[in-house]
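Student: Pasting upload09.tsv below, which is TSV, C-alpha atoms.
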chain	number	residue	atom	x	y	z
A	1	MET	CA	26.72	-1.82	-13.07
A	2	ASP	CA	26.37	-4.62	-15.64
A	3	ASN	CA	25.58	-7.06	-12.86
A	4	PHE	CA	23.05	-4.80	-11.20
A	5	THR	CA	20.02	-6.95	-10.45
A	6	VAL	CA	16.55	-5.86	-9.46
A	7	GLY	CA	14.56	-8.32	-7.36
A	8	VAL	CA	10.87	-8.50	-8.33
A	9	VAL	CA	8.89	-9.93	-5.44
A	10	VAL	CA	6.20	-12.49	-6.19
A	11	PHE	CA	3.41	-13.01	-3.65
A	12	PRO	CA	0.50	-15.37	-4.17
A	13	GLY	CA	-1.85	-13.03	-6.02
A	14	SER	CA	0.76	-10.66	-7.52
A	15	ASN	CA	-0.16	-9.92	-11.14
A	16	CYS	CA	2.17	-7.15	-12.27
A	17	ASP	CA	5.43	-8.98	-11.51
A	18	ARG	CA	5.94	-10.03	-15.14
A	19	ASP	CA	5.06	-6.56	-16.43
A	20	VAL	CA	7.72	-5.07	-14.15
A	21	ALA	CA	10.31	-7.62	-15.29
A	22	TRP	CA	9.35	-7.01	-18.94
A	23	ALA	CA	9.78	-3.26	-18.54
A	24	LEU	CA	13.12	-3.59	-16.74
A	25	GLU	CA	14.60	-6.29	-18.97
A	26	GLY	CA	13.00	-5.46	-22.31
A	27	CYS	CA	12.90	-1.68	-22.21
A	28	LEU	CA	15.86	-0.84	-20.01
A	29	ASP	CA	18.18	-3.83	-20.25
A	30	ILE	CA	18.30	-4.16	-16.46
A	31	ARG	CA	18.69	-7.67	-15.11
A	32	THR	CA	15.87	-8.96	-12.90
A	33	LYS	CA	15.32	-11.86	-10.57
A	34	TYR	CA	11.98	-13.06	-9.26
A	35	LEU	CA	11.93	-13.39	-5.47
A	36	TRP	CA	9.32	-15.71	-3.99
A	37	HIS	CA	7.77	-14.13	-0.89
A	38	GLU	CA	9.02	-16.96	1.33
A	39	SER	CA	12.63	-16.16	0.54
A	40	SER	CA	14.51	-14.00	2.99
A	41	ASP	CA	17.84	-14.04	1.15
A	42	LEU	CA	18.24	-10.65	-0.51
A	43	SER	CA	22.02	-10.88	-0.84
A	44	ASP	CA	22.16	-11.08	-4.64
A	45	VAL	CA	19.79	-8.25	-5.51
A	46	ASP	CA	20.66	-4.55	-5.54
A	47	ALA	CA	17.16	-3.08	-5.54
A	48	ILE	CA	13.66	-4.44	-5.03
A	49	VAL	CA	10.27	-3.89	-6.63
A	50	LEU	CA	7.05	-4.87	-4.83
A	51	PRO	CA	4.69	-5.15	-7.79
A	52	GLY	CA	0.96	-4.61	-8.10
A	53	GLY	CA	-1.71	-7.23	-7.73
A	54	PHE	CA	-3.78	-8.71	-4.95
A	55	SER	CA	-1.29	-10.33	-2.59
A	56	TYR	CA	-3.00	-13.00	-0.48
A	57	GLY	CA	-6.28	-12.08	-2.16
A	58	ASP	CA	-6.29	-8.71	-0.37
A	59	TYR	CA	-7.75	-10.62	2.59
A	60	LEU	CA	-8.30	-8.64	5.80
A	61	ARG	CA	-6.86	-5.44	4.24
A	62	CYS	CA	-4.75	-4.87	1.12
A	63	GLY	CA	-1.16	-5.72	2.00
A	64	ALA	CA	-1.99	-6.79	5.56
A	65	ILE	CA	-1.03	-10.46	5.20
A	66	ALA	CA	1.95	-9.87	2.89
A	67	ARG	CA	3.50	-7.83	5.65
A	68	PHE	CA	4.22	-11.03	7.59
A	69	SER	CA	6.07	-12.82	4.80
A	70	PRO	CA	9.73	-13.73	5.38
A	71	LEU	CA	10.74	-11.44	2.53
A	72	ILE	CA	9.11	-8.36	4.06
A	73	ASN	CA	10.75	-9.22	7.39
A	74	ALA	CA	14.12	-9.18	5.64
A	75	LEU	CA	13.35	-5.87	3.96
A	76	ASP	CA	14.08	-3.75	7.02
A	77	GLU	CA	17.81	-4.37	6.86
A	78	PHE	CA	17.80	-3.91	3.07
A	79	VAL	CA	16.14	-0.50	3.41
A	80	LYS	CA	18.45	0.55	6.25
A	81	SER	CA	21.45	-0.25	4.05
A	82	GLY	CA	20.21	2.46	1.67
A	83	LYS	CA	19.25	0.14	-1.18
A	84	ARG	CA	16.22	1.18	-3.20
A	85	VAL	CA	12.73	-0.25	-2.85
A	86	LEU	CA	9.85	0.62	-5.16
A	87	GLY	CA	6.31	-0.35	-4.20
A	88	ILE	CA	3.74	-0.06	-6.98
A	89	CYS	CA	-0.01	-0.16	-6.21
A	90	ASN	CA	-0.37	-3.29	-4.03
A	91	GLY	CA	3.35	-2.84	-3.32
A	92	PHE	CA	2.59	0.65	-1.95
A	93	GLN	CA	-0.19	-0.84	0.20
A	94	ILE	CA	2.29	-3.41	1.57
A	95	LEU	CA	4.84	-0.67	2.36
A	96	THR	CA	2.28	1.30	4.39
A	97	GLU	CA	0.91	-1.78	6.17
A	98	SER	CA	4.44	-2.79	7.16
A	99	GLY	CA	5.36	0.68	8.36
A	100	PHE	CA	8.06	1.51	5.79
A	101	LEU	CA	5.90	4.42	4.68
A	102	PRO	CA	3.35	6.36	6.77
A	103	GLY	CA	-0.42	6.47	6.23
A	104	ALA	CA	-2.74	3.88	4.71
A	105	LEU	CA	-4.65	3.16	1.49
A	106	VAL	CA	-8.40	2.70	1.72
A	107	ALA	CA	-11.37	2.22	-0.61
A	108	ASN	CA	-11.77	4.82	-3.36
A	109	LYS	CA	-14.21	7.56	-2.44
A	110	ASN	CA	-16.69	6.59	-5.18
A	111	LEU	CA	-16.22	2.82	-4.56
A	112	ASN	CA	-15.34	2.25	-8.23
A	113	PHE	CA	-12.35	0.29	-9.38
A	114	ILE	CA	-10.64	2.97	-11.45
A	115	CYS	CA	-8.66	2.01	-14.54
A	116	ASP	CA	-7.46	5.14	-16.30
A	117	ASP	CA	-4.53	7.31	-17.30
A	118	VAL	CA	-3.91	10.17	-14.89
A	119	GLU	CA	-1.88	13.37	-14.97
A	120	LEU	CA	0.52	13.69	-12.06
A	121	ASP	CA	2.55	16.58	-10.71
A	122	ILE	CA	6.07	15.74	-9.65
A	123	VAL	CA	6.27	17.41	-6.25
A	124	SER	CA	9.59	16.35	-4.77
A	125	SER	CA	12.87	15.26	-6.28
A	126	LYS	CA	13.80	13.34	-3.11
A	127	GLY	CA	15.50	10.10	-4.08
A	128	GLY	CA	15.71	11.17	-7.72
A	129	TRP	CA	12.79	8.94	-8.71
A	130	PHE	CA	11.22	11.47	-11.05
A	131	ASN	CA	13.63	14.33	-11.48
A	132	ASN	CA	14.57	13.79	-15.09
A	133	GLY	CA	16.53	16.97	-15.50
A	134	ASP	CA	14.24	18.70	-17.96
A	135	GLU	CA	11.42	21.14	-17.39
A	136	LYS	CA	8.70	18.53	-17.45
A	137	HIS	CA	7.01	18.58	-14.05
A	138	THR	CA	3.91	16.65	-15.07
A	139	ILE	CA	3.76	13.03	-16.18
A	140	LYS	CA	0.99	10.72	-17.29
A	141	LEU	CA	0.75	7.20	-15.85
A	142	PRO	CA	-1.95	4.52	-15.71
A	143	ILE	CA	-3.78	3.71	-12.49
A	144	ALA	CA	-5.80	0.56	-11.77
A	145	HIS	CA	-7.08	0.25	-8.22
A	146	GLY	CA	-10.14	-0.05	-6.01
A	147	GLU	CA	-8.37	0.85	-2.78
A	148	GLY	CA	-6.01	3.66	-3.61
A	149	ARG	CA	-7.29	6.51	-1.49
A	150	TYR	CA	-4.30	7.66	0.52
A	151	HIS	CA	-5.21	8.55	4.08
A	152	CYS	CA	-3.17	9.96	6.94
A	153	ASP	CA	-3.81	12.18	9.95
A	154	SER	CA	-3.03	15.90	9.89
A	155	ASP	CA	0.24	15.54	11.84
A	156	THR	CA	1.52	12.96	9.36
A	157	LEU	CA	0.47	15.12	6.44
A	158	LYS	CA	2.37	18.06	7.91
A	159	LYS	CA	5.49	15.89	8.25
A	160	LEU	CA	5.13	14.72	4.66
A	161	VAL	CA	4.87	18.29	3.42
A	162	ASP	CA	7.59	19.74	5.67
A	163	ASN	CA	10.09	17.00	4.81
A	164	GLU	CA	9.29	16.97	1.09
A	165	LEU	CA	8.18	13.34	1.18
A	166	ILE	CA	5.27	13.75	-1.22
A	167	ALA	CA	6.58	12.53	-4.55
A	168	LEU	CA	3.49	12.70	-6.77
A	169	ARG	CA	0.11	14.42	-6.60
A	170	TYR	CA	-2.89	13.83	-8.86
A	171	LYS	CA	-3.84	16.81	-10.99
A	172	ASN	CA	-7.49	15.68	-10.88
A	173	ASN	CA	-7.85	13.57	-7.76
A	174	PRO	CA	-9.62	10.38	-8.95
A	175	ASN	CA	-10.07	8.53	-5.65
A	176	GLY	CA	-10.36	11.05	-2.80
A	177	SER	CA	-6.76	10.77	-1.58
A	178	SER	CA	-5.73	13.23	1.15
A	179	PHE	CA	-3.95	16.21	-0.38
A	180	ASP	CA	-4.21	14.53	-3.84
A	181	ILE	CA	-1.35	12.21	-2.86
A	182	ALA	CA	-0.42	9.54	-5.41
A	183	GLY	CA	3.06	8.62	-4.15
A	184	ILE	CA	5.39	9.24	-1.21
A	185	THR	CA	8.96	8.45	-0.20
A	186	ASN	CA	10.59	7.71	3.14
A	187	GLU	CA	12.85	10.37	4.69
A	188	LYS	CA	16.00	8.93	3.19
A	189	GLY	CA	14.38	8.82	-0.25
A	190	ASN	CA	15.36	5.22	-1.01
A	191	VAL	CA	11.81	3.87	-0.60
A	192	LEU	CA	9.07	5.03	-2.97
A	193	GLY	CA	5.45	3.89	-2.89
A	194	LEU	CA	2.96	4.98	-5.54
A	195	MET	CA	-0.45	3.91	-6.79
A	196	PRO	CA	0.19	4.59	-10.52
A	197	HIS	CA	1.93	1.92	-12.59
A	198	PRO	CA	5.18	3.14	-14.17
A	199	GLU	CA	5.80	-0.32	-15.68
A	200	ARG	CA	2.71	0.13	-17.85
A	201	ALA	CA	4.11	3.30	-19.37
A	202	CYS	CA	7.44	2.15	-20.79
A	203	ASP	CA	6.72	1.90	-24.50
A	204	GLU	CA	5.23	4.46	-26.88
A	205	THR	CA	3.10	1.83	-28.61
A	206	ILE	CA	1.19	1.00	-25.43
A	207	GLY	CA	0.49	4.50	-24.26
A	208	GLY	CA	3.63	6.38	-23.31
A	209	THR	CA	7.05	6.28	-21.75
A	210	ASP	CA	6.62	8.43	-18.65
A	211	GLY	CA	7.25	5.44	-16.41
A	212	LEU	CA	10.70	4.66	-17.77
A	213	PHE	CA	12.58	7.17	-15.66
A	214	THR	CA	11.22	5.84	-12.38
A	215	LEU	CA	12.19	2.25	-13.19
A	216	LYS	CA	15.56	3.36	-14.50
A	217	SER	CA	16.24	5.23	-11.27
A	218	LEU	CA	16.26	1.88	-9.41
A	219	ILE	CA	19.92	1.65	-10.39
A	220	LEU	CA	20.81	4.98	-8.75
A	221	LYS	CA	23.02	4.76	-5.68
B	1	MET	CA	-5.89	-24.35	30.02
B	2	ASP	CA	-9.01	-22.24	29.68
B	3	GLN	CA	-10.76	-21.67	26.42
B	4	PHE	CA	-12.27	-18.33	25.48
B	5	ALA	CA	-14.55	-17.08	22.72
B	6	VAL	CA	-13.46	-13.63	21.62
B	7	LYS	CA	-15.38	-11.27	19.37
B	8	VAL	CA	-13.25	-8.50	17.90
B	9	PHE	CA	-15.00	-5.49	16.38
B	10	VAL	CA	-12.93	-3.49	13.89
B	11	LYS	CA	-14.28	-0.21	12.55
B	12	LEU	CA	-12.95	2.69	10.56
B	13	ARG	CA	-11.94	5.65	12.70
B	14	PRO	CA	-14.53	8.43	12.74
B	15	SER	CA	-12.18	10.67	10.75
B	16	VAL	CA	-11.94	8.17	7.86
B	17	LEU	CA	-14.61	8.39	5.18
B	18	ASP	CA	-16.54	5.11	4.79
B	19	PRO	CA	-17.81	5.07	1.18
B	20	ALA	CA	-19.33	1.57	1.57
B	21	GLY	CA	-21.26	2.82	4.60
B	22	GLU	CA	-22.42	5.90	2.66
B	23	ALA	CA	-23.60	3.73	-0.27
B	24	THR	CA	-25.48	1.41	2.11
B	25	LYS	CA	-27.04	4.40	3.86
B	26	SER	CA	-28.23	5.69	0.52
B	27	ALA	CA	-29.76	2.27	-0.34
B	28	SER	CA	-31.39	2.09	3.10
B	29	ILE	CA	-33.13	5.39	2.44
B	30	LYS	CA	-34.26	4.15	-0.99
B	31	LEU	CA	-35.74	1.10	0.76
B	32	GLY	CA	-37.91	3.48	2.73
B	33	ALA	CA	-36.16	3.42	6.10
B	34	GLU	CA	-36.50	6.81	7.73
B	35	GLY	CA	-34.41	8.56	10.30
B	36	ILE	CA	-30.98	7.09	9.50
B	37	LYS	CA	-28.45	9.66	10.64
B	38	SER	CA	-25.30	7.68	10.05
B	39	LEU	CA	-24.30	4.22	8.84
B	40	ARG	CA	-20.79	2.83	9.00
B	41	ILE	CA	-19.56	-0.66	8.20
B	42	GLY	CA	-17.03	-2.60	10.23
B	43	LYS	CA	-15.85	-6.17	10.65
B	44	ILE	CA	-16.31	-8.82	13.30
B	45	ILE	CA	-13.57	-11.38	13.85
B	46	GLU	CA	-14.49	-14.37	16.00
B	47	VAL	CA	-11.64	-16.22	17.65
B	48	LYS	CA	-11.56	-19.26	19.88
B	49	ILE	CA	-8.36	-19.26	21.86
B	50	GLU	CA	-6.76	-21.19	24.74
B	51	GLY	CA	-4.63	-19.73	27.47
B	52	ASN	CA	-3.77	-19.72	31.16
B	53	GLY	CA	-6.41	-17.34	32.37
B	54	GLU	CA	-8.05	-14.21	31.06
B	55	ASN	CA	-5.04	-11.92	31.44
B	56	GLU	CA	-2.83	-14.09	29.25
B	57	VAL	CA	-5.52	-14.35	26.59
B	58	ARG	CA	-6.16	-10.61	26.67
B	59	ALA	CA	-2.45	-9.98	26.08
B	60	LYS	CA	-2.52	-12.26	23.02
B	61	ILE	CA	-5.67	-10.65	21.63
B	62	ASP	CA	-4.27	-7.15	22.21
B	63	LEU	CA	-1.21	-8.09	20.15
B	64	LEU	CA	-3.32	-9.60	17.37
B	65	CYS	CA	-5.63	-6.58	17.22
B	66	ASP	CA	-2.82	-4.06	17.26
B	67	ARG	CA	-0.54	-5.80	14.75
B	68	LEU	CA	-2.88	-7.71	12.43
B	69	PHE	CA	-6.66	-7.47	12.84
B	70	ALA	CA	-6.75	-3.66	12.69
B	71	ASN	CA	-4.58	-1.06	11.03
B	72	THR	CA	-4.60	1.57	13.75
B	73	VAL	CA	-3.77	4.30	11.23
B	74	ILE	CA	-7.33	4.00	9.92
B	75	GLU	CA	-9.19	1.66	12.27
B	76	ASP	CA	-10.23	1.33	15.93
B	77	TYR	CA	-10.96	-1.97	17.60
B	78	GLU	CA	-12.67	-3.33	20.71
B	79	TYR	CA	-13.40	-6.86	21.79
B	80	SER	CA	-15.54	-8.93	24.13
B	81	LEU	CA	-14.34	-12.10	25.76
B	82	GLU	CA	-16.29	-15.03	27.12
B	83	LYS	CA	-14.90	-18.02	28.99
B	84	LEU	CA	-16.18	-21.29	27.54
What is this file in structure tokens?
Tutor:
Amino acid sequence: MDNFTVGVVVFPGSNCDRDVAWALEGCLDIRTKYLWHESSDLSDVDAIVLPGGFSYGDYLRCGAIARFSPLINALDEFVKSGKRVLGICNGFQILTESGFLPGALVANKNLNFICDDVELDIVSSKGGWFNNGDEKHTIKLPIAHGEGRYHCDSDTLKKLVDNELIALRYKNNPNGSSFDIAGITNEKGNVLGLMPHPERACDETIGGTDGLFTLKSLILK
Amino acid sequence: MDQFAVKVFVKLRPSVLDPAGEATKSASIKLGAEGIKSLRIGKIIEVKIEGNGENEVRAKIDLLCDRLFANTVIEDYEYSLEKL
């Protein structure tokens, strides 16, 4: 486990890559490696984080261009092998655009860019991303997005509910997301996408530690 | 090789709320325009493309629309094609 390495993907326009590496290295003592988006060699990383930001300037649609990078092309095999992938904010948008997770993220209902702390209900323990073994079923994490309104059709929503793929729901829906959805997993549970930023909640002095568990769970098998 | 001018129209599906369209509708009413029942905003993508005939070009544009220009989870597309 000492050699466990988390790959932090860097796209042109990523801006939370260093925050993620700081949280993993500084707060959790987990080794990280930056992966440039043009790399397709994932052989020396054990888990991957797609960080927040504005990959490719959010041109066309958020995450739409990043989907065609060599790294995302190589991700399919990585995910199939059962290794863990965490997509935060723009990373979540990339995961939906590339079909690793269902649905899409569109402009917030009120058109505002929302930068705030939000209360979230932990809905599913699939993948063990949030199930921290105590009775705490609500966490508080920061959000910072203009296009974070989760949208899917009613059939997809039914599948998400029936298969326990909804990981997090907003207590007070800030952006108009369907069914208050803030984060979802794939069926296997090894891919999580969420709009809130766990890496910004890893130290008491900057507003809380509710994000630590999610980042720490990257090392779960 | 023939050259074609293609205009692709991408719009949000009717079931997807368009907050930018709603805001623009509200501003239109403030401007004094009457009778606006609905206003939705889409995108136009203009492409000049070469190919061996219309069918080949249509196949290329279909692929581009389906995989890149539109996200069919939230958007519909249509296009017009003109031989240059």
Student: May I have the residues within 12 Å of segment 14-20 of chain B as a ChimeraX atom specification, using only C-alpha atoms and disregarding those fewer than 6 positions away in the same chain?
Tutor: /A:103-112,146-147,149-154,175-178 /B:26-27,38-42,72-76
Student: Write out as a PDB file with C-alpha atoms, keeping the file's coordinate frame the residues lying within 8 Å of Met1 of chain B, counting only C-alpha atoms and excluding same-chain residues fewer than 3 positions away.
Tutor:
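See part32.pdb below for the written result:
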ATOM      1  CA  GLU B  50      -6.760 -21.190  24.740  1.00  0.00           C
ATOM      2  CA  GLY B  51      -4.630 -19.730  27.470  1.00  0.00           C
ATOM      3  CA  ASN B  52      -3.770 -19.720  31.160  1.00  0.00           C
ATOM      4  CA  GLY B  53      -6.410 -17.340  32.370  1.00  0.00           C
TER       5      GLY B  53
END
Student: Between A:Phe130, A:Phe68, A:Trp22, A:Tyr56, which residue has the minimum interatomic distance to chain B, considering all atoms listed in the file?
Tutor: A:Phe68
Student: Using all atoms listed in the file, pick whichever of B:Glu82, B:Asp62, B:Glu56, B:Glu46 has the shortest atom-to-atom distance to Val8 of chain B.
Tutor: B:Glu46
Student: Tell me which of A:Asn163, A:Asn15, A:Asn90, A:Ser39 sits closest to Glu187 of chain A, counting all atoms listed in the file.
Tutor: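 Smallest distance to Glu187 of chain A is found for A:Asn163.
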Student: Give the answer as one residue: which of B:Gln3, B:Asn55, B:Ser80, B:Thr24 has the shortest atom-to-atom distance to chain A, using only C-alpha atoms?
Tutor: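 Of the candidates, the smallest distance to chain A is held by B:Thr24.
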Student: Write out as a ChimeraX atom specification the residues lying within 12 Å of Arg67 of chain B, counting all atoms listed in the file and excluding same-chain residues fewer than 3 positions away.
Tutor: /A:64-65,67-68,97-99 /B:60-64,70-73,75,77
Student: When you draw a straight line from atom CA of Val49 of chain A to atom CA of Leu218 of chain A, how long is it in Å?
Tutor: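 Interatomic distance here is 8.8 Å.
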Student: Atom CA of Leu42 of chain A to atom CA of Glu77 of chain A: how many Å, to one decimal?
Tutor: 9.7 Å
Student: Can you measure atom CA of Asp46 of chain A to atom CA of Val9 of chain A for me? One decimal in Å is fine.
Tutor: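 Spanning atom CA of Asp46 of chain A to atom CA of Val9 of chain A is a straight-line distance of 12.9 Å.
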Student: May I have the centre and edge lengths, in Å to one decimal, of an axis-aligned box around the listed atoms of segment 20-39 of chain B with 8 Å added to every side, as lines of an AutoDock Vina configuration file?
Tutor:
center_x = -28.6
center_y = 5.4
center_z = 4.8
size_x = 34.6
size_y = 24.6
size_z = 27.6
Student: For Arg31 of chain A, please output as a ChimeraX atom specification all residues within 7 Å (counting only C-alpha atoms; exclusion window: fewer than 4 positions along the same chain).
Tutor: /A:4-6,25
Student: Compile the contact shell of Lys80 of chain A as number ranges by chain: residues with an atom at most 12 Å away, counting all atoms listed in the file, same-chain residues fewer than 6 positions apart removed.
Tutor: A: 74, 100, 186-191
Student: Take segment 86-117 of chain A, bring it up to N, CA and C atoms, and give me the output as a PDB file, in the frame of the given file.
Tutor:
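The resulting file, part.pdb, is reproduced below:
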ATOM      1  N   LEU A  86      10.967  -0.031  -4.473  1.00  0.00           N
ATOM      2  CA  LEU A  86       9.850   0.620  -5.160  1.00  0.00           C
ATOM      3  C   LEU A  86       8.596  -0.219  -4.969  1.00  0.00           C
ATOM      4  N   GLY A  87       7.582   0.358  -4.392  1.00  0.00           N
ATOM      5  CA  GLY A  87       6.310  -0.350  -4.200  1.00  0.00           C
ATOM      6  C   GLY A  87       5.251   0.262  -5.101  1.00  0.00           C
ATOM      7  N   ILE A  88       4.722  -0.552  -6.008  1.00  0.00           N
ATOM      8  CA  ILE A  88       3.740  -0.060  -6.980  1.00  0.00           C
ATOM      9  C   ILE A  88       2.370  -0.629  -6.620  1.00  0.00           C
ATOM     10  N   CYS A  89       1.386   0.244  -6.421  1.00  0.00           N
ATOM     11  CA  CYS A  89      -0.010  -0.160  -6.210  1.00  0.00           C
ATOM     12  C   CYS A  89      -0.119  -1.093  -4.995  1.00  0.00           C
ATOM     13  N   ASN A  90      -0.336  -2.378  -5.180  1.00  0.00           N
ATOM     14  CA  ASN A  90      -0.370  -3.290  -4.030  1.00  0.00           C
ATOM     15  C   ASN A  90       0.959  -3.247  -3.269  1.00  0.00           C
ATOM     16  N   GLY A  91       2.048  -2.990  -3.970  1.00  0.00           N
ATOM     17  CA  GLY A  91       3.350  -2.840  -3.320  1.00  0.00           C
ATOM     18  C   GLY A  91       3.381  -1.638  -2.384  1.00  0.00           C
ATOM     19  N   PHE A  92       2.715  -0.554  -2.792  1.00  0.00           N
ATOM     20  CA  PHE A  92       2.590   0.650  -1.950  1.00  0.00           C
ATOM     21  C   PHE A  92       1.753   0.307  -0.707  1.00  0.00           C
ATOM     22  N   GLN A  93       0.659  -0.438  -0.933  1.00  0.00           N
ATOM     23  CA  GLN A  93      -0.190  -0.840   0.200  1.00  0.00           C
ATOM     24  C   GLN A  93       0.616  -1.679   1.195  1.00  0.00           C
ATOM     25  N   ILE A  94       1.464  -2.565   0.694  1.00  0.00           N
ATOM     26  CA  ILE A  94       2.290  -3.410   1.570  1.00  0.00           C
ATOM     27  C   ILE A  94       3.280  -2.533   2.352  1.00  0.00           C
ATOM     28  N   LEU A  95       3.854  -1.543   1.686  1.00  0.00           N
ATOM     29  CA  LEU A  95       4.840  -0.670   2.360  1.00  0.00           C
ATOM     30  C   LEU A  95       4.196   0.152   3.471  1.00  0.00           C
ATOM     31  N   THR A  96       2.936   0.568   3.304  1.00  0.00           N
ATOM     32  CA  THR A  96       2.280   1.300   4.390  1.00  0.00           C
ATOM     33  C   THR A  96       1.855   0.344   5.513  1.00  0.00           C
ATOM     34  N   GLU A  97       1.329  -0.810   5.136  1.00  0.00           N
ATOM     35  CA  GLU A  97       0.910  -1.780   6.170  1.00  0.00           C
ATOM     36  C   GLU A  97       2.107  -2.205   7.027  1.00  0.00           C
ATOM     37  N   SER A  98       3.275  -2.309   6.408  1.00  0.00           N
ATOM     38  CA  SER A  98       4.440  -2.790   7.160  1.00  0.00           C
ATOM     39  C   SER A  98       5.224  -1.660   7.802  1.00  0.00           C
ATOM     40  N   GLY A  99       4.764  -0.438   7.639  1.00  0.00           N
ATOM     41  CA  GLY A  99       5.360   0.680   8.360  1.00  0.00           C
ATOM     42  C   GLY A  99       6.597   1.288   7.709  1.00  0.00           C
ATOM     43  N   PHE A 100       6.935   0.873   6.493  1.00  0.00           N
ATOM     44  CA  PHE A 100       8.060   1.510   5.790  1.00  0.00           C
ATOM     45  C   PHE A 100       7.687   2.912   5.320  1.00  0.00           C
ATOM     46  N   LEU A 101       6.409   3.108   5.069  1.00  0.00           N
ATOM     47  CA  LEU A 101       5.900   4.420   4.680  1.00  0.00           C
ATOM     48  C   LEU A 101       4.679   4.735   5.560  1.00  0.00           C
ATOM     49  N   PRO A 102       4.464   6.014   5.887  1.00  0.00           N
ATOM     50  CA  PRO A 102       3.350   6.360   6.770  1.00  0.00           C
ATOM     51  C   PRO A 102       2.001   6.372   6.034  1.00  0.00           C
ATOM     52  N   GLY A 103       0.914   6.376   6.812  1.00  0.00           N
ATOM     53  CA  GLY A 103      -0.420   6.470   6.230  1.00  0.00           C
ATOM     54  C   GLY A 103      -0.980   5.109   5.863  1.00  0.00           C
ATOM     55  N   ALA A 104      -2.085   5.120   5.116  1.00  0.00           N
ATOM     56  CA  ALA A 104      -2.740   3.880   4.710  1.00  0.00           C
ATOM     57  C   ALA A 104      -3.513   4.138   3.419  1.00  0.00           C
ATOM     58  N   LEU A 105      -3.865   3.040   2.728  1.00  0.00           N
ATOM     59  CA  LEU A 105      -4.650   3.160   1.490  1.00  0.00           C
ATOM     60  C   LEU A 105      -5.982   2.471   1.698  1.00  0.00           C
ATOM     61  N   VAL A 106      -7.049   3.213   1.448  1.00  0.00           N
ATOM     62  CA  VAL A 106      -8.400   2.700   1.720  1.00  0.00           C
ATOM     63  C   VAL A 106      -9.255   2.801   0.456  1.00  0.00           C
ATOM     64  N   ALA A 107     -10.490   2.307   0.569  1.00  0.00           N
ATOM     65  CA  ALA A 107     -11.370   2.220  -0.610  1.00  0.00           C
ATOM     66  C   ALA A 107     -11.559   3.585  -1.266  1.00  0.00           C
ATOM     67  N   ASN A 108     -11.542   3.588  -2.600  1.00  0.00           N
ATOM     68  CA  ASN A 108     -11.770   4.820  -3.360  1.00  0.00           C
ATOM     69  C   ASN A 108     -13.068   5.479  -2.907  1.00  0.00           C
ATOM     70  N   LYS A 109     -13.066   6.791  -2.935  1.00  0.00           N
ATOM     71  CA  LYS A 109     -14.210   7.560  -2.440  1.00  0.00           C
ATOM     72  C   LYS A 109     -15.514   7.139  -3.134  1.00  0.00           C
ATOM     73  N   ASN A 110     -15.453   6.908  -4.452  1.00  0.00           N
ATOM     74  CA  ASN A 110     -16.690   6.590  -5.180  1.00  0.00           C
ATOM     75  C   ASN A 110     -16.926   5.081  -5.295  1.00  0.00           C
ATOM     76  N   LEU A 111     -16.112   4.292  -4.605  1.00  0.00           N
ATOM     77  CA  LEU A 111     -16.220   2.820  -4.560  1.00  0.00           C
ATOM     78  C   LEU A 111     -15.926   2.119  -5.880  1.00  0.00           C
ATOM     79  N   ASN A 112     -15.654   2.893  -6.944  1.00  0.00           N
ATOM     80  CA  ASN A 112     -15.340   2.250  -8.230  1.00  0.00           C
ATOM     81  C   ASN A 112     -13.918   1.743  -8.261  1.00  0.00           C
ATOM     82  N   PHE A 113     -13.719   0.657  -8.994  1.00  0.00           N
ATOM     83  CA  PHE A 113     -12.350   0.290  -9.380  1.00  0.00           C
ATOM     84  C   PHE A 113     -12.012   1.196 -10.549  1.00  0.00           C
ATOM     85  N   ILE A 114     -10.959   1.982 -10.412  1.00  0.00           N
ATOM     86  CA  ILE A 114     -10.640   2.970 -11.450  1.00  0.00           C
ATOM     87  C   ILE A 114      -9.481   2.462 -12.300  1.00  0.00           C
ATOM     88  N   CYS A 115      -9.701   2.394 -13.593  1.00  0.00           N
ATOM     89  CA  CYS A 115      -8.660   2.010 -14.540  1.00  0.00           C
ATOM     90  C   CYS A 115      -8.569   3.126 -15.560  1.00  0.00           C
ATOM     91  N   ASP A 116      -7.501   3.922 -15.492  1.00  0.00           N
ATOM     92  CA  ASP A 116      -7.460   5.140 -16.300  1.00  0.00           C
ATOM     93  C   ASP A 116      -6.015   5.638 -16.385  1.00  0.00           C
ATOM     94  N   ASP A 117      -5.795   6.578 -17.291  1.00  0.00           N
ATOM     95  CA  ASP A 117      -4.530   7.310 -17.300  1.00  0.00           C
ATOM     96  C   ASP A 117      -4.732   8.598 -16.518  1.00  0.00           C
TER      97      ASP A 117
END
